[in-house]
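S.K.: Before I ask anything, here is the structure I am working with.
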Amino acid sequence: MPRALRFGKYEGLGNDFIVVDEDSSADEVAARGAVALCDRRFGIGADGVLLVTRSADGVPAMKVLNADGSNPEMCGNGLRCVALHLAILRGVDELAITVSTDAGLRACKLTRQGDQGIVSVDMGEVRSTGKQTLAKDGETHTLFLADAGNPHAILFGSYTRADAERIGPVIEKDPSFPKGTNVEFANVHDARIDLIVWERGVGITLACGTGACATAVVAREQGLIAPTGSIKVALLGGELTIDPSPTGRTTMVGPARRVFVGDAT
């Protein structure tokens, strides 16, 4: 008989997560499986599971499990949720903390009011990695590739959610991306980007922090947006502020919220 799994349900712009302290519940997560936990009808329901533990040198660490059970290298919205989770556990309203991820160390600064917070994250170096043309199902797609600690393929133009649902899975699983890729559909106007994301291992999500960063960096490099200043990225779940620095490092600012806590039996 499995033990009760203590968890917190968090969201960042509608990208939702089951947050679990691994030290006490890792075995239960492994036994139940991320797919079952994330099931929106028979489980808790979420885009992914975030395991919070400590690295070998004592730094707080985040491990991400997608809704399909895969393990992505990085999750920007998830990282904001983890920072809020740590602030709540410590009972503080201001927190500056470094979190270890599979993409490296990420510094976070948080201001909290109750179960909500605004989090600024140093997302590290977000890089444009080239351009690729992909012909699929009678359509030719021009992809701008980027690395935000995880892979991204970005399409610029006027795309609908229906377009993203049709094209996203085809690109995500194309053999040219042996580990799969996140796919961004970006409409750039003025100093703003409207963005729909097909997230690897999940599908359409209401927000994707790494996708917003990758798209902002590439849009600036391609001259599609002003060469300086912060960039507003409007996702299906709300807005992030992205600031690609000339040094190559990128800052993301956005909200996180604890929705509820519970025990899964």
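We name chains A, B, ... following the order of the structure tokens; residues begin at 1 in each chain, and ligands are numbered from 1 as shown.
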If you take only C-alpha atoms and a cut-off of 9 Å, which residues of region 125-235 of chain A touch region 65-73 of chain A, and what are their nearest atom pairs and distances in Å to one decimal, in chain and number order, as JSON lines?
M.R.:
```
{"residue": "A:Gly149", "atom": "CA", "partner": "A:Glu73", "partner_atom": "CA", "distance": 6.3}
{"residue": "A:Asn150", "atom": "CA", "partner": "A:Glu73", "partner_atom": "CA", "distance": 5.7}
{"residue": "A:Arg200", "atom": "CA", "partner": "A:Pro72", "partner_atom": "CA", "distance": 8.2}
{"residue": "A:Gly201", "atom": "CA", "partner": "A:Asp68", "partner_atom": "CA", "distance": 5.6}
{"residue": "A:Val202", "atom": "CA", "partner": "A:Ala67", "partner_atom": "CA", "distance": 5.8}
```
S.K.: List the spatial neighbours of region 10-20 of chain A as a PyMOL selection string - criterion: any atom at most 10 Å away, only C-alpha atoms, same-chain residues fewer than 6 positions off excluded.
M.R.: chain A and resi 26+28-29+34+37-38+44-53+62+64-67+76-82+84-85+115-118+204-209+235-240+254-261
S.K.: Residues at most 6 Å from Ser120 (chain A), counting only C-alpha atoms, excluding those fewer than 4 positions away in the same chain, as a list in words?
M.R.: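 Everything that qualifies: Cys108, Lys109, Met252 and Val253 of chain A.
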S.K.: Taking 4 positions as the minimum chain separation for residues in the same chain, which residues sit within 6 Å of Glu184 (chain A) when counting only C-alpha atoms? Answer as a ChimeraX atom specification.
M.R.: /A:154,196-197
S.K.: Could you take the residues named above and write them with C-alpha atoms, as a PDB file, in the first residue's frame?
M.R.:
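again_5.pdb was written with the following content:
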```pdb
ATOM      1  CA  ILE A 154      11.287  28.976 -33.359  1.00  0.00           C
ATOM      2  CA  ILE A 196       2.452  29.977 -28.476  1.00  0.00           C
ATOM      3  CA  VAL A 197       4.622  27.090 -27.283  1.00  0.00           C
TER       4      VAL A 197
END
```
S.K.: Step one, run DSSP on the backbone; step two, keep only residues of region 36-261 of chain A assigned to strand (DSSP E); then write them as a CSV table (one decimal) with N, CA and C atoms, in the first residue's frame.
M.R.:
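So the final result, stored in out15.csv, reads:
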```
chain,number,residue,atom,x,y,z
A,48,GLY,N,3.8,18.9,-15.2
A,48,GLY,CA,5.1,18.2,-14.8
A,48,GLY,C,5.2,18.1,-13.3
A,49,VAL,N,6.2,17.3,-12.9
A,49,VAL,CA,6.5,17.2,-11.5
A,49,VAL,C,7.9,17.8,-11.2
A,50,LEU,N,8.0,18.6,-10.2
A,50,LEU,CA,9.3,19.2,-9.8
A,50,LEU,C,9.7,18.6,-8.5
A,51,LEU,N,10.9,17.9,-8.5
A,51,LEU,CA,11.5,17.3,-7.3
A,51,LEU,C,12.5,18.3,-6.8
A,52,VAL,N,12.3,18.7,-5.5
A,52,VAL,CA,13.2,19.6,-4.8
A,52,VAL,C,14.0,18.9,-3.8
A,53,THR,N,15.3,19.0,-4.0
A,53,THR,CA,16.3,18.3,-3.1
A,53,THR,C,17.5,19.2,-3.0
A,54,ARG,N,18.6,18.6,-2.6
A,54,ARG,CA,19.9,19.4,-2.5
A,54,ARG,C,21.0,18.6,-3.3
A,60,PRO,N,20.2,24.0,-3.1
A,60,PRO,CA,18.9,23.5,-3.5
A,60,PRO,C,18.9,23.1,-4.9
A,61,ALA,N,18.3,22.0,-5.3
A,61,ALA,CA,18.3,21.5,-6.6
A,61,ALA,C,16.9,21.2,-7.1
A,62,MET,N,16.7,21.3,-8.4
A,62,MET,CA,15.4,21.0,-9.0
A,62,MET,C,15.6,20.0,-10.1
A,63,LYS,N,14.8,18.9,-10.1
A,63,LYS,CA,14.7,18.0,-11.1
A,63,LYS,C,13.3,18.0,-11.7
A,64,VAL,N,13.2,18.0,-13.0
A,64,VAL,CA,11.9,18.2,-13.7
A,64,VAL,C,11.5,16.9,-14.4
A,65,LEU,N,10.3,16.4,-14.2
A,65,LEU,CA,9.7,15.3,-14.9
A,65,LEU,C,8.5,15.8,-15.7
A,66,ASN,N,8.5,15.7,-17.0
A,66,ASN,CA,7.4,16.1,-17.8
A,66,ASN,C,6.2,15.2,-17.6
A,94,GLU,N,11.3,37.8,1.2
A,94,GLU,CA,12.3,38.2,0.3
A,94,GLU,C,13.3,37.0,0.2
A,95,LEU,N,13.7,36.6,-1.0
A,95,LEU,CA,14.7,35.5,-1.0
A,95,LEU,C,15.6,35.7,-2.3
A,96,ALA,N,16.9,35.6,-2.0
A,96,ALA,CA,17.8,35.5,-3.1
A,96,ALA,C,18.5,34.1,-2.9
A,97,ILE,N,18.4,33.3,-4.0
A,97,ILE,CA,18.9,31.9,-3.8
A,97,ILE,C,19.4,31.4,-5.2
A,98,THR,N,20.3,30.5,-5.1
A,98,THR,CA,20.8,29.8,-6.3
A,98,THR,C,20.3,28.4,-6.3
A,99,VAL,N,19.7,27.9,-7.4
A,99,VAL,CA,19.2,26.6,-7.5
A,99,VAL,C,19.9,25.8,-8.6
A,100,SER,N,20.3,24.6,-8.3
A,100,SER,CA,21.0,23.7,-9.2
A,100,SER,C,20.0,23.0,-10.1
A,101,THR,N,20.2,23.1,-11.4
A,101,THR,CA,19.3,22.4,-12.4
A,101,THR,C,20.2,21.5,-13.3
A,104,GLY,N,22.6,23.6,-15.2
A,104,GLY,CA,23.5,24.4,-14.5
A,104,GLY,C,22.9,25.2,-13.3
A,105,LEU,N,23.6,26.1,-12.7
A,105,LEU,CA,23.2,26.9,-11.6
A,105,LEU,C,22.4,28.1,-12.1
A,106,ARG,N,21.3,28.4,-11.4
A,106,ARG,CA,20.4,29.5,-11.8
A,106,ARG,C,20.1,30.3,-10.5
A,107,ALA,N,20.4,31.6,-10.6
A,107,ALA,CA,20.2,32.5,-9.5
A,107,ALA,C,18.8,33.1,-9.6
A,108,CYS,N,18.1,33.1,-8.4
A,108,CYS,CA,16.7,33.6,-8.4
A,108,CYS,C,16.6,34.7,-7.3
A,109,LYS,N,15.8,35.7,-7.6
A,109,LYS,CA,15.4,36.7,-6.5
A,109,LYS,C,13.9,36.8,-6.5
A,110,LEU,N,13.3,36.7,-5.3
A,110,LEU,CA,11.9,36.6,-5.2
A,110,LEU,C,11.4,37.6,-4.1
A,111,THR,N,10.2,38.2,-4.5
A,111,THR,CA,9.4,39.0,-3.5
A,111,THR,C,8.1,38.3,-3.4
A,112,ARG,N,7.7,38.0,-2.1
A,112,ARG,CA,6.5,37.2,-1.9
A,112,ARG,C,5.4,37.9,-1.1
A,113,GLN,N,4.2,37.7,-1.5
A,113,GLN,CA,3.0,38.1,-0.6
A,113,GLN,C,2.1,36.8,-0.5
A,116,GLN,N,1.8,34.0,-3.3
A,116,GLN,CA,2.2,34.5,-4.6
A,116,GLN,C,3.5,35.2,-4.6
A,117,GLY,N,4.2,35.2,-5.7
A,117,GLY,CA,5.5,35.9,-5.7
A,117,GLY,C,5.9,36.3,-7.1
A,118,ILE,N,6.7,37.3,-7.2
A,118,ILE,CA,7.3,37.7,-8.4
A,118,ILE,C,8.8,37.3,-8.4
A,119,VAL,N,9.2,36.6,-9.4
A,119,VAL,CA,10.6,36.0,-9.4
A,119,VAL,C,11.4,36.5,-10.6
A,120,SER,N,12.6,36.9,-10.3
A,120,SER,CA,13.6,37.3,-11.3
A,120,SER,C,14.6,36.2,-11.4
A,121,VAL,N,14.8,35.6,-12.6
A,121,VAL,CA,15.7,34.5,-12.7
A,121,VAL,C,16.8,34.8,-13.7
A,122,ASP,N,18.1,34.6,-13.3
A,122,ASP,CA,19.2,34.7,-14.2
A,122,ASP,C,19.2,33.3,-15.0
A,123,MET,N,18.8,33.4,-16.3
A,123,MET,CA,18.6,32.1,-17.0
A,123,MET,C,19.9,31.7,-17.7
A,124,GLY,N,21.0,32.4,-17.4
A,124,GLY,CA,22.3,32.0,-17.9
A,124,GLY,C,22.4,32.4,-19.4
A,125,GLU,N,23.3,31.8,-20.1
A,125,GLU,CA,23.5,32.2,-21.5
A,125,GLU,C,22.5,31.5,-22.4
A,127,ARG,N,21.5,31.0,-26.2
A,127,ARG,CA,22.2,31.2,-27.5
A,127,ARG,C,21.4,30.8,-28.7
A,128,SER,N,21.5,31.6,-29.7
A,128,SER,CA,21.0,31.3,-31.0
A,128,SER,C,22.0,30.3,-31.6
A,129,THR,N,21.5,29.1,-32.2
A,129,THR,CA,22.4,28.1,-32.6
A,129,THR,C,22.3,27.7,-34.1
A,130,GLY,N,21.6,28.6,-34.9
A,130,GLY,CA,21.5,28.4,-36.3
A,130,GLY,C,20.1,28.4,-36.9
A,131,LYS,N,20.0,28.0,-38.1
A,131,LYS,CA,18.8,28.1,-38.9
A,131,LYS,C,18.6,26.8,-39.6
A,132,GLN,N,17.4,26.4,-39.8
A,132,GLN,CA,17.1,25.1,-40.4
A,132,GLN,C,15.8,25.2,-41.2
A,133,THR,N,15.8,24.6,-42.4
A,133,THR,CA,14.6,24.5,-43.2
A,133,THR,C,14.1,23.1,-43.1
A,134,LEU,N,12.8,22.9,-42.8
A,134,LEU,CA,12.2,21.6,-42.6
A,134,LEU,C,11.0,21.4,-43.5
A,135,ALA,N,11.0,20.5,-44.4
A,135,ALA,CA,9.8,20.2,-45.3
A,135,ALA,C,9.1,19.0,-44.7
A,136,LYS,N,7.8,19.3,-44.4
A,136,LYS,CA,7.0,18.2,-43.8
A,136,LYS,C,5.5,18.4,-44.3
A,139,GLU,N,4.5,21.2,-46.4
A,139,GLU,CA,4.8,22.6,-46.0
A,139,GLU,C,6.3,22.7,-45.7
A,140,THR,N,6.8,23.9,-45.9
A,140,THR,CA,8.2,24.2,-45.6
A,140,THR,C,8.3,25.1,-44.5
A,141,HIS,N,9.0,24.8,-43.4
A,141,HIS,CA,9.1,25.6,-42.2
A,141,HIS,C,10.5,26.1,-42.0
A,142,THR,N,10.7,27.4,-41.8
A,142,THR,CA,12.0,28.0,-41.5
A,142,THR,C,12.1,28.0,-40.0
A,143,LEU,N,13.0,27.3,-39.4
A,143,LEU,CA,13.2,27.2,-38.0
A,143,LEU,C,14.5,27.9,-37.6
A,144,PHE,N,14.4,28.8,-36.5
A,144,PHE,CA,15.5,29.4,-35.9
A,144,PHE,C,15.8,28.7,-34.6
A,145,LEU,N,16.9,28.1,-34.5
A,145,LEU,CA,17.3,27.2,-33.4
A,145,LEU,C,17.9,28.0,-32.2
A,146,ALA,N,17.7,27.6,-31.0
A,146,ALA,CA,18.3,28.2,-29.9
A,146,ALA,C,18.4,27.2,-28.7
A,147,ASP,N,19.4,27.6,-27.8
A,147,ASP,CA,19.7,26.7,-26.6
A,147,ASP,C,19.5,27.6,-25.4
A,151,PRO,N,16.6,22.6,-25.8
A,151,PRO,CA,16.5,22.9,-27.2
A,151,PRO,C,15.2,23.6,-27.6
A,152,HIS,N,15.3,24.6,-28.6
A,152,HIS,CA,14.1,25.3,-29.1
A,152,HIS,C,14.2,25.5,-30.6
A,153,ALA,N,13.1,25.3,-31.3
A,153,ALA,CA,13.0,25.6,-32.7
A,153,ALA,C,11.9,26.7,-32.8
A,154,ILE,N,12.2,27.8,-33.4
A,154,ILE,CA,11.3,29.0,-33.4
A,154,ILE,C,10.8,29.3,-34.8
A,155,LEU,N,9.5,29.5,-34.9
A,155,LEU,CA,8.9,29.9,-36.2
A,155,LEU,C,8.4,31.3,-36.0
A,156,PHE,N,8.7,32.2,-36.9
A,156,PHE,CA,8.2,33.6,-36.8
A,156,PHE,C,7.1,33.8,-37.9
A,182,ASN,N,11.5,21.7,-28.1
A,182,ASN,CA,10.4,22.6,-27.9
A,182,ASN,C,10.2,23.4,-29.2
A,183,VAL,N,9.0,23.8,-29.5
A,183,VAL,CA,8.7,24.5,-30.7
A,183,VAL,C,7.9,25.8,-30.3
A,184,GLU,N,8.4,26.9,-30.8
A,184,GLU,CA,7.8,28.2,-30.5
A,184,GLU,C,7.2,28.8,-31.8
A,185,PHE,N,6.0,29.4,-31.7
A,185,PHE,CA,5.3,30.1,-32.8
A,185,PHE,C,5.2,31.6,-32.4
A,186,ALA,N,5.9,32.4,-33.0
A,186,ALA,CA,6.1,33.8,-32.5
A,186,ALA,C,5.6,34.8,-33.5
A,187,ASN,N,4.8,35.8,-33.0
A,187,ASN,CA,4.4,36.9,-33.8
A,187,ASN,C,5.0,38.2,-33.1
A,188,VAL,N,5.9,38.8,-33.8
A,188,VAL,CA,6.6,40.0,-33.3
A,188,VAL,C,6.0,41.3,-33.8
A,189,HIS,N,5.7,42.2,-32.8
A,189,HIS,CA,5.3,43.5,-33.2
A,189,HIS,C,5.7,44.5,-32.2
A,192,ARG,N,7.1,43.8,-28.5
A,192,ARG,CA,6.3,42.7,-27.8
A,192,ARG,C,6.3,41.5,-28.8
A,193,ILE,N,6.3,40.3,-28.1
A,193,ILE,CA,6.2,39.0,-28.9
A,193,ILE,C,5.0,38.3,-28.3
A,194,ASP,N,4.1,37.9,-29.2
A,194,ASP,CA,3.0,37.0,-28.9
A,194,ASP,C,3.5,35.6,-29.2
A,195,LEU,N,3.4,34.7,-28.2
A,195,LEU,CA,4.0,33.4,-28.3
A,195,LEU,C,3.1,32.3,-27.9
A,196,ILE,N,3.1,31.3,-28.8
A,196,ILE,CA,2.5,30.0,-28.5
A,196,ILE,C,3.5,28.9,-28.5
A,197,VAL,N,3.5,28.1,-27.4
A,197,VAL,CA,4.6,27.1,-27.3
A,197,VAL,C,4.1,25.7,-27.3
A,198,TRP,N,4.7,24.9,-28.2
A,198,TRP,CA,4.5,23.4,-28.1
A,198,TRP,C,5.7,22.8,-27.3
A,199,GLU,N,5.4,22.4,-26.1
A,199,GLU,CA,6.5,22.0,-25.2
A,199,GLU,C,6.8,20.5,-25.4
A,203,GLY,N,3.2,19.1,-24.9
A,203,GLY,CA,2.2,19.6,-25.8
A,203,GLY,C,2.0,21.1,-25.6
A,204,ILE,N,0.9,21.7,-26.0
A,204,ILE,CA,0.6,23.1,-25.8
A,204,ILE,C,0.6,23.4,-24.3
A,205,THR,N,1.4,24.3,-23.9
A,205,THR,CA,1.4,24.8,-22.5
A,205,THR,C,1.0,26.3,-22.5
A,231,ILE,N,12.0,43.0,-23.1
A,231,ILE,CA,11.0,42.5,-24.1
A,231,ILE,C,9.9,41.9,-23.4
A,232,LYS,N,8.6,42.3,-23.8
A,232,LYS,CA,7.4,41.7,-23.2
A,232,LYS,C,7.1,40.5,-24.1
A,233,VAL,N,6.9,39.3,-23.5
A,233,VAL,CA,6.5,38.1,-24.2
A,233,VAL,C,5.2,37.7,-23.7
A,234,ALA,N,4.1,37.8,-24.5
A,234,ALA,CA,2.8,37.4,-24.1
A,234,ALA,C,2.5,36.0,-24.5
A,235,LEU,N,2.3,35.1,-23.5
A,235,LEU,CA,2.0,33.7,-23.7
A,235,LEU,C,0.5,33.5,-23.5
A,238,GLY,N,-0.3,34.5,-19.9
A,238,GLY,CA,0.1,35.8,-19.3
A,238,GLY,C,1.4,36.2,-19.9
A,239,GLU,N,2.0,37.2,-19.2
A,239,GLU,CA,3.2,37.9,-19.8
A,239,GLU,C,4.4,37.7,-18.9
A,240,LEU,N,5.5,37.5,-19.6
A,240,LEU,CA,6.9,37.5,-19.0
A,240,LEU,C,7.7,38.7,-19.5
A,241,THR,N,8.6,39.2,-18.7
A,241,THR,CA,9.5,40.2,-19.1
A,241,THR,C,10.9,39.6,-19.3
A,242,ILE,N,11.4,39.7,-20.5
A,242,ILE,CA,12.7,39.1,-20.8
A,242,ILE,C,13.7,40.2,-21.1
A,243,ASP,N,14.9,40.0,-20.6
A,243,ASP,CA,16.0,41.0,-20.8
A,243,ASP,C,17.2,40.3,-21.3
A,244,PRO,N,17.4,40.2,-22.6
A,244,PRO,CA,18.7,39.6,-23.1
A,244,PRO,C,19.8,40.6,-22.9
A,249,ARG,N,24.0,36.8,-21.2
A,249,ARG,CA,23.1,36.3,-20.1
A,249,ARG,C,21.7,36.9,-20.3
A,250,THR,N,20.7,36.1,-19.9
A,250,THR,CA,19.3,36.6,-20.1
A,250,THR,C,18.6,36.5,-18.8
A,251,THR,N,17.8,37.5,-18.4
A,251,THR,CA,17.0,37.6,-17.2
A,251,THR,C,15.5,37.4,-17.6
A,252,MET,N,14.8,36.6,-16.8
A,252,MET,CA,13.4,36.4,-16.9
A,252,MET,C,12.7,36.9,-15.6
A,253,VAL,N,11.6,37.7,-15.8
A,253,VAL,CA,10.8,38.1,-14.6
A,253,VAL,C,9.4,37.7,-14.8
A,254,GLY,N,8.8,37.0,-13.8
A,254,GLY,CA,7.4,36.6,-14.0
A,254,GLY,C,6.9,36.1,-12.6
A,255,PRO,N,5.6,35.8,-12.6
A,255,PRO,CA,4.9,35.4,-11.3
A,255,PRO,C,5.0,33.9,-11.1
A,256,ALA,N,4.8,33.5,-9.9
A,256,ALA,CA,4.5,32.1,-9.5
A,256,ALA,C,3.5,32.2,-8.4
A,257,ARG,N,2.7,31.1,-8.2
A,257,ARG,CA,1.7,31.0,-7.2
A,257,ARG,C,1.5,29.6,-6.7
A,258,ARG,N,1.4,29.5,-5.4
A,258,ARG,CA,1.0,28.2,-4.8
A,258,ARG,C,-0.5,28.1,-4.8
A,259,VAL,N,-1.1,27.1,-5.5
A,259,VAL,CA,-2.5,26.9,-5.6
A,259,VAL,C,-3.1,26.2,-4.4
A,260,PHE,N,-2.5,25.1,-4.0
A,260,PHE,CA,-3.0,24.4,-2.9
A,260,PHE,C,-1.9,23.4,-2.5
A,261,VAL,N,-2.1,22.8,-1.3
A,261,VAL,CA,-1.2,21.7,-0.9
A,261,VAL,C,-2.1,20.5,-0.6
```
S.K.: Running DSSP on the backbone, which parts of region 46-255 of chain A land in helix (DSSP H, G or I), as a PyMOL selection string?
M.R.: chain A and resi 76-90+161-172+209-221
S.K.: Any chance you could export the current selection's N, CA and C atoms as a short mmCIF file (atom, residue, chain, number, x, y, z; two decimals), in the first residue's frame?
M.R.:
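Full text of result-v3.cif as output:
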```cif
data_model
loop_
_atom_site.label_atom_id
_atom_site.label_comp_id
_atom_site.auth_asym_id
_atom_site.auth_seq_id
_atom_site.Cartn_x
_atom_site.Cartn_y
_atom_site.Cartn_z
N GLY A 76 11.91 27.09 -17.01
CA GLY A 76 11.93 28.42 -16.41
C GLY A 76 10.74 28.68 -15.50
N ASN A 77 9.53 28.33 -15.94
CA ASN A 77 8.36 28.52 -15.08
C ASN A 77 8.47 27.64 -13.84
N GLY A 78 8.95 26.43 -14.02
CA GLY A 78 9.13 25.55 -12.88
C GLY A 78 10.12 26.10 -11.87
N LEU A 79 11.18 26.73 -12.36
CA LEU A 79 12.19 27.29 -11.47
C LEU A 79 11.60 28.42 -10.62
N ARG A 80 10.73 29.24 -11.22
CA ARG A 80 10.08 30.30 -10.43
C ARG A 80 9.21 29.66 -9.34
N CYS A 81 8.52 28.58 -9.66
CA CYS A 81 7.70 27.89 -8.67
C CYS A 81 8.54 27.30 -7.55
N VAL A 82 9.69 26.75 -7.90
CA VAL A 82 10.58 26.19 -6.88
C VAL A 82 11.10 27.29 -5.96
N ALA A 83 11.46 28.44 -6.52
CA ALA A 83 11.93 29.56 -5.69
C ALA A 83 10.84 29.99 -4.71
N LEU A 84 9.59 30.06 -5.18
CA LEU A 84 8.49 30.40 -4.28
C LEU A 84 8.30 29.32 -3.21
N HIS A 85 8.38 28.07 -3.60
CA HIS A 85 8.25 26.95 -2.66
C HIS A 85 9.30 27.06 -1.55
N LEU A 86 10.53 27.37 -1.91
CA LEU A 86 11.60 27.49 -0.92
C LEU A 86 11.38 28.68 0.00
N ALA A 87 10.86 29.79 -0.55
CA ALA A 87 10.56 30.96 0.29
C ALA A 87 9.45 30.64 1.29
N ILE A 88 8.43 29.92 0.84
CA ILE A 88 7.34 29.53 1.75
C ILE A 88 7.85 28.61 2.84
N LEU A 89 8.67 27.63 2.48
CA LEU A 89 9.22 26.71 3.48
C LEU A 89 10.04 27.46 4.53
N ARG A 90 10.76 28.49 4.08
CA ARG A 90 11.63 29.24 5.00
C ARG A 90 10.88 30.35 5.72
N ARG A 161 -3.30 28.92 -32.46
CA ARG A 161 -3.13 27.74 -31.60
C ARG A 161 -3.36 26.47 -32.40
N ALA A 162 -4.32 26.50 -33.32
CA ALA A 162 -4.56 25.32 -34.15
C ALA A 162 -3.34 24.99 -35.00
N ASP A 163 -2.66 26.01 -35.50
CA ASP A 163 -1.42 25.79 -36.25
C ASP A 163 -0.38 25.11 -35.37
N ALA A 164 -0.23 25.61 -34.14
CA ALA A 164 0.75 25.05 -33.22
C ALA A 164 0.44 23.60 -32.89
N GLU A 165 -0.84 23.29 -32.70
CA GLU A 165 -1.22 21.91 -32.39
C GLU A 165 -0.98 20.97 -33.56
N ARG A 166 -1.04 21.50 -34.75
CA ARG A 166 -0.83 20.67 -35.94
C ARG A 166 0.66 20.53 -36.27
N ILE A 167 1.38 21.62 -36.22
CA ILE A 167 2.79 21.63 -36.66
C ILE A 167 3.74 21.22 -35.53
N GLY A 168 3.41 21.61 -34.29
CA GLY A 168 4.32 21.39 -33.17
C GLY A 168 4.80 19.96 -33.01
N PRO A 169 3.89 18.98 -32.94
CA PRO A 169 4.35 17.60 -32.72
C PRO A 169 5.17 17.06 -33.88
N VAL A 170 4.92 17.55 -35.08
CA VAL A 170 5.69 17.09 -36.25
C VAL A 170 7.14 17.55 -36.14
N ILE A 171 7.34 18.80 -35.72
CA ILE A 171 8.70 19.32 -35.58
C ILE A 171 9.38 18.72 -34.35
N GLU A 172 8.64 18.64 -33.23
CA GLU A 172 9.21 18.11 -31.99
C GLU A 172 9.87 16.76 -32.20
N GLY A 209 8.94 29.41 -19.89
CA GLY A 209 9.95 30.42 -19.60
C GLY A 209 11.17 30.33 -20.50
N THR A 210 11.69 29.12 -20.69
CA THR A 210 12.86 28.99 -21.56
C THR A 210 12.50 29.33 -23.00
N GLY A 211 11.27 28.99 -23.42
CA GLY A 211 10.84 29.32 -24.78
C GLY A 211 10.74 30.81 -25.00
N ALA A 212 10.23 31.53 -23.98
CA ALA A 212 10.15 32.98 -24.07
C ALA A 212 11.54 33.59 -24.18
N CYS A 213 12.49 33.08 -23.39
CA CYS A 213 13.86 33.59 -23.43
C CYS A 213 14.51 33.32 -24.79
N ALA A 214 14.38 32.09 -25.26
CA ALA A 214 14.98 31.71 -26.53
C ALA A 214 14.42 32.57 -27.67
N THR A 215 13.11 32.77 -27.68
CA THR A 215 12.48 33.55 -28.74
C THR A 215 12.91 35.00 -28.70
N ALA A 216 12.99 35.59 -27.49
CA ALA A 216 13.41 36.98 -27.36
C ALA A 216 14.84 37.18 -27.86
N VAL A 217 15.72 36.25 -27.50
CA VAL A 217 17.13 36.35 -27.93
C VAL A 217 17.24 36.26 -29.44
N VAL A 218 16.55 35.31 -30.05
CA VAL A 218 16.63 35.15 -31.50
C VAL A 218 15.97 36.32 -32.22
N ALA A 219 14.83 36.79 -31.72
CA ALA A 219 14.16 37.93 -32.34
C ALA A 219 15.06 39.16 -32.35
N ARG A 220 15.78 39.38 -31.27
CA ARG A 220 16.71 40.51 -31.22
C ARG A 220 17.87 40.29 -32.18
N GLU A 221 18.41 39.11 -32.20
CA GLU A 221 19.54 38.82 -33.10
C GLU A 221 19.14 39.01 -34.57
#
```
S.K.: Grab the CA of Val92 (chain A) to CA of Gly8 (chain A) distance for me, in Å with one decimal place.
M.R.: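 Distance between the two atoms: 17.3 Å.
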S.K.: So what do you get for CA of Ala264 (chain A) versus CA of Asp21 (chain A), distance-wise?
M.R.: 13.8 Å
S.K.: For a test of reading the model, state the distance in Å between CA of Met74 (chain A) and CA of Ser55 (chain A), rounded to one decimal.
M.R.: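 CA of Met74 (chain A) sits 15.5 Å away from CA of Ser55 (chain A).
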